[in-house]
Amino acid sequence: MDALFRDDAYARSCTATVTAVDERGIRLDRTVFYPTGGGQPGDTGVLRFGGAGIRITDTVKGEGGPDDVIHVPEEGAALPAPGTEVEAILDWERRHRHMRMHTALHLLCAVVPGSVTGGQIGADKSRLDFNVPAESLDKDAITAAVNALIAADTPIGTRWITDDEMAASPDLVRTMSVKPPTGSGRVRLLDVTGVDLQPCGGTHVARTGEIGGIEVTKIENKGKQNRRVVIALKD
């Protein structure tokens, strides 16, 4: 399966051919739909074929590796047969908010010291959990620091390193709860130029300015030296 979202997060639709259909959903030979992973929700949208269309309510990974993507249809939908040509169309507004949020969390990583112990991305709010003492975090200071990085409008790109290079650079990994996706021979790094560099398979905006602006809405105590920082987009 050709994971188009990995090389072009801005692709909103694509034509594809159905390769398999089972009780879990629909597999295509190529897709712009991102499957749930790394704290980022799976995409939703529509598959159109033969003058009809069905809602895709979620996108998940199958057991066949990182490129085994399953499109979950709405309950009761008439499914296309294998070999059917379809147009896969994202719910773009939702996806783009996920891209903005995901990128903002990378900036949050750059601002808050300490390892990340968990996280979740949402269209309305997102969070990261940090292994840091409570007194080291200030809501207003973090908000200002992240928004300064956003205002700098720094370019964002991706590059690939080998599994061996990843193993030789453990300092690149900030997240304790999610291991880098190794095993395929290479690992994708997200590079916020001069700000953050770490393994990530999610979708992101092309420049920090596109995030728009964030607010740290609360900081919660989730255990000994485990602090949850919750952010929201300003628009």
# chains A, B, ... in the order shown; residues from 1 in each chain; ligands from 1
>>> residues_around(residues="A:Arg227", least_positions_apart="3", cutoff="10 Å", atoms="only C-alpha atoms", output="PyMOL selection string")
chain A and resi 116-117+128-134+136-137+219-224+230
>>> select_by_dssp(residues="stretch 74-179 of chain A", states="alpha helix (DSSP H)", output="PyMOL selection string")
chain A and resi 92-111+139-151+163-167
>>> atom_distance(atom1="atom CA of A:Thr59", atom2="atom CA of A:Leu233")
23.7 Å
>>> select_by_dssp(residues="stretch 108-231 of chain A", states="strand (DSSP E)", output="ChimeraX atom specification")
/A:116-120,125-130,156-162,186-192,196-199,214-221,227-231
>>> residues_around(residues="A:Ala77", least_positions_apart="5", cutoff="10 Å", atoms="only C-alpha atoms", output="list of chain:residue names")
A:Gly53, A:Ile54, A:Arg55, A:Ile56
>>> write_last_selection(atoms="all heavy atoms", output="PDB file, in the first residue's frame")
ATOM      1  N   GLY A  53     -21.351   6.990  -2.436  1.00  0.00           N
ATOM      2  CA  GLY A  53     -20.282   7.274  -1.487  1.00  0.00           C
ATOM      3  C   GLY A  53     -20.607   6.710  -0.128  1.00  0.00           C
ATOM      4  O   GLY A  53     -21.780   6.570   0.237  1.00  0.00           O
ATOM      5  N   ILE A  54     -19.593   6.324   0.612  1.00  0.00           N
ATOM      6  CA  ILE A  54     -19.786   5.844   1.982  1.00  0.00           C
ATOM      7  C   ILE A  54     -18.867   6.620   2.912  1.00  0.00           C
ATOM      8  O   ILE A  54     -17.759   6.999   2.545  1.00  0.00           O
ATOM      9  CB  ILE A  54     -19.527   4.326   2.121  1.00  0.00           C
ATOM     10  CG1 ILE A  54     -18.105   3.969   1.680  1.00  0.00           C
ATOM     11  CG2 ILE A  54     -20.547   3.526   1.335  1.00  0.00           C
ATOM     12  CD1 ILE A  54     -17.729   2.529   1.975  1.00  0.00           C
ATOM     13  N   ARG A  55     -19.347   6.872   4.122  1.00  0.00           N
ATOM     14  CA  ARG A  55     -18.554   7.558   5.119  1.00  0.00           C
ATOM     15  C   ARG A  55     -17.503   6.622   5.696  1.00  0.00           C
ATOM     16  O   ARG A  55     -17.774   5.446   5.967  1.00  0.00           O
ATOM     17  CB  ARG A  55     -19.439   8.045   6.267  1.00  0.00           C
ATOM     18  CG  ARG A  55     -20.301   9.242   5.941  1.00  0.00           C
ATOM     19  CD  ARG A  55     -19.513  10.520   5.835  1.00  0.00           C
ATOM     20  NE  ARG A  55     -18.683  10.786   7.007  1.00  0.00           N
ATOM     21  CZ  ARG A  55     -17.732  11.711   7.045  1.00  0.00           C
ATOM     22  NH1 ARG A  55     -17.474  12.453   5.977  1.00  0.00           N
ATOM     23  NH2 ARG A  55     -17.018  11.899   8.146  1.00  0.00           N
ATOM     24  N   ILE A  56     -16.302   7.146   5.871  1.00  0.00           N
ATOM     25  CA  ILE A  56     -15.251   6.447   6.609  1.00  0.00           C
ATOM     26  C   ILE A  56     -15.180   7.097   7.984  1.00  0.00           C
ATOM     27  O   ILE A  56     -14.883   8.282   8.106  1.00  0.00           O
ATOM     28  CB  ILE A  56     -13.899   6.540   5.872  1.00  0.00           C
ATOM     29  CG1 ILE A  56     -13.993   5.879   4.500  1.00  0.00           C
ATOM     30  CG2 ILE A  56     -12.790   5.911   6.721  1.00  0.00           C
ATOM     31  CD1 ILE A  56     -14.373   4.406   4.530  1.00  0.00           C
TER      32      ILE A  56
END
>>> closest_residue(among="A:Arg207, A:Val192, A:Leu197, A:Arg100", to="A:Asp153", atoms="only C-alpha atoms")
A:Arg207
>>> residues_around(residues="A:Asp196", least_positions_apart="3", cutoff="10 Å", atoms="only C-alpha atoms", output="list of chain:residue names")
A:His106, A:Leu107, A:Leu108, A:Cys109, A:Ala110, A:Val111, A:Ile156, A:Leu172, A:Leu189, A:Leu190, A:Asp191, A:Val192, A:Thr193
>>> write_last_selection(atoms="N, CA, C and O atoms", output="JSON list (two decimals), in the first residue's frame")
[["chain", "number", "residue", "atom", "x", "y", "z"],
["A", 106, "HIS", "N", 5.11, 19.21, 19.16],
["A", 106, "HIS", "CA", 6.57, 19.16, 18.99],
["A", 106, "HIS", "C", 7.23, 20.42, 19.56],
["A", 106, "HIS", "O", 8.30, 20.34, 20.16],
["A", 107, "LEU", "N", 6.58, 21.55, 19.38],
["A", 107, "LEU", "CA", 7.11, 22.79, 19.96],
["A", 107, "LEU", "C", 7.01, 22.74, 21.48],
["A", 107, "LEU", "O", 7.92, 23.23, 22.18],
["A", 108, "LEU", "N", 5.95, 22.16, 21.98],
["A", 108, "LEU", "CA", 5.82, 22.00, 23.44],
["A", 108, "LEU", "C", 6.95, 21.15, 23.98],
["A", 108, "LEU", "O", 7.50, 21.43, 25.05],
["A", 109, "CYS", "N", 7.32, 20.11, 23.24],
["A", 109, "CYS", "CA", 8.47, 19.26, 23.60],
["A", 109, "CYS", "C", 9.75, 20.08, 23.70],
["A", 109, "CYS", "O", 10.59, 19.84, 24.58],
["A", 110, "ALA", "N", 9.89, 21.03, 22.79],
["A", 110, "ALA", "CA", 11.11, 21.83, 22.76],
["A", 110, "ALA", "C", 11.16, 22.81, 23.93],
["A", 110, "ALA", "O", 12.24, 23.20, 24.37],
["A", 111, "VAL", "N", 10.00, 23.19, 24.44],
["A", 111, "VAL", "CA", 9.92, 24.19, 25.50],
["A", 111, "VAL", "C", 10.01, 23.56, 26.89],
["A", 111, "VAL", "O", 10.63, 24.12, 27.80],
["A", 156, "ILE", "N", 9.46, 23.42, 8.44],
["A", 156, "ILE", "CA", 9.40, 22.07, 9.00],
["A", 156, "ILE", "C", 9.56, 21.07, 7.86],
["A", 156, "ILE", "O", 8.93, 21.20, 6.81],
["A", 172, "LEU", "N", 17.67, 11.11, 20.37],
["A", 172, "LEU", "CA", 16.62, 11.66, 19.52],
["A", 172, "LEU", "C", 15.23, 11.35, 20.05],
["A", 172, "LEU", "O", 14.26, 12.01, 19.69],
["A", 189, "LEU", "N", 12.27, 11.12, 10.57],
["A", 189, "LEU", "CA", 12.44, 12.16, 11.57],
["A", 189, "LEU", "C", 11.68, 13.41, 11.16],
["A", 189, "LEU", "O", 11.70, 13.80, 9.99],
["A", 190, "LEU", "N", 11.01, 14.04, 12.14],
["A", 190, "LEU", "CA", 10.44, 15.35, 11.91],
["A", 190, "LEU", "C", 11.46, 16.39, 12.34],
["A", 190, "LEU", "O", 12.01, 16.30, 13.45],
["A", 191, "ASP", "N", 11.72, 17.36, 11.48],
["A", 191, "ASP", "CA", 12.75, 18.36, 11.74],
["A", 191, "ASP", "C", 12.14, 19.75, 11.72],
["A", 191, "ASP", "O", 11.84, 20.30, 10.66],
["A", 192, "VAL", "N", 11.92, 20.31, 12.91],
["A", 192, "VAL", "CA", 11.56, 21.72, 13.03],
["A", 192, "VAL", "C", 12.89, 22.46, 13.15],
["A", 192, "VAL", "O", 13.54, 22.42, 14.19],
["A", 193, "THR", "N", 13.31, 23.09, 12.08],
["A", 193, "THR", "CA", 14.68, 23.57, 11.93],
["A", 193, "THR", "C", 15.18, 24.34, 13.15],
["A", 193, "THR", "O", 14.62, 25.36, 13.53]]
>>> residues_around(residues="A:Cys14", least_positions_apart="5", cutoff="9 Å", atoms="only C-alpha atoms", output="ChimeraX atom specification")
/A:4,30-32,86-89
>>> write_last_selection(atoms="N, CA, C and O atoms", output="CSV table (one decimal), in the first residue's frame")
chain,number,residue,atom,x,y,z
A,4,LEU,N,0.4,7.7,0.9
A,4,LEU,CA,0.6,9.0,0.4
A,4,LEU,C,0.7,10.1,1.4
A,4,LEU,O,1.4,11.1,1.3
A,30,ARG,N,-3.6,2.5,-2.3
A,30,ARG,CA,-2.9,3.8,-1.9
A,30,ARG,C,-4.0,4.6,-1.2
A,30,ARG,O,-5.2,4.4,-1.4
A,31,THR,N,-3.5,5.5,-0.3
A,31,THR,CA,-4.4,6.3,0.5
A,31,THR,C,-3.8,7.5,1.0
A,31,THR,O,-2.6,7.6,1.2
A,32,VAL,N,-4.7,8.6,1.2
A,32,VAL,CA,-4.3,9.8,1.9
A,32,VAL,C,-4.7,9.7,3.4
A,32,VAL,O,-4.4,10.7,4.1
A,86,VAL,N,-12.0,3.8,-6.5
A,86,VAL,CA,-12.7,4.7,-5.6
A,86,VAL,C,-11.9,6.0,-5.6
A,86,VAL,O,-10.7,6.1,-6.0
A,87,GLU,N,-12.6,7.1,-5.1
A,87,GLU,CA,-11.9,8.3,-4.8
A,87,GLU,C,-12.0,8.4,-3.3
A,87,GLU,O,-13.1,8.4,-2.7
A,88,ALA,N,-10.8,8.5,-2.6
A,88,ALA,CA,-10.7,8.7,-1.2
A,88,ALA,C,-10.6,10.1,-0.8
A,88,ALA,O,-9.6,10.8,-1.3
A,89,ILE,N,-11.5,10.7,-0.1
A,89,ILE,CA,-11.6,12.1,0.2
A,89,ILE,C,-11.6,12.4,1.7
A,89,ILE,O,-12.4,11.9,2.4
>>> atom_distance(atom1="atom CA of A:Arg188", atom2="atom CA of A:Arg159")
5.8 Å
>>> closest_residue(among="A:Pro113, A:Gly50, A:Gly83, A:Gly209", to="A:Ile142", atoms="only C-alpha atoms")
A:Pro113
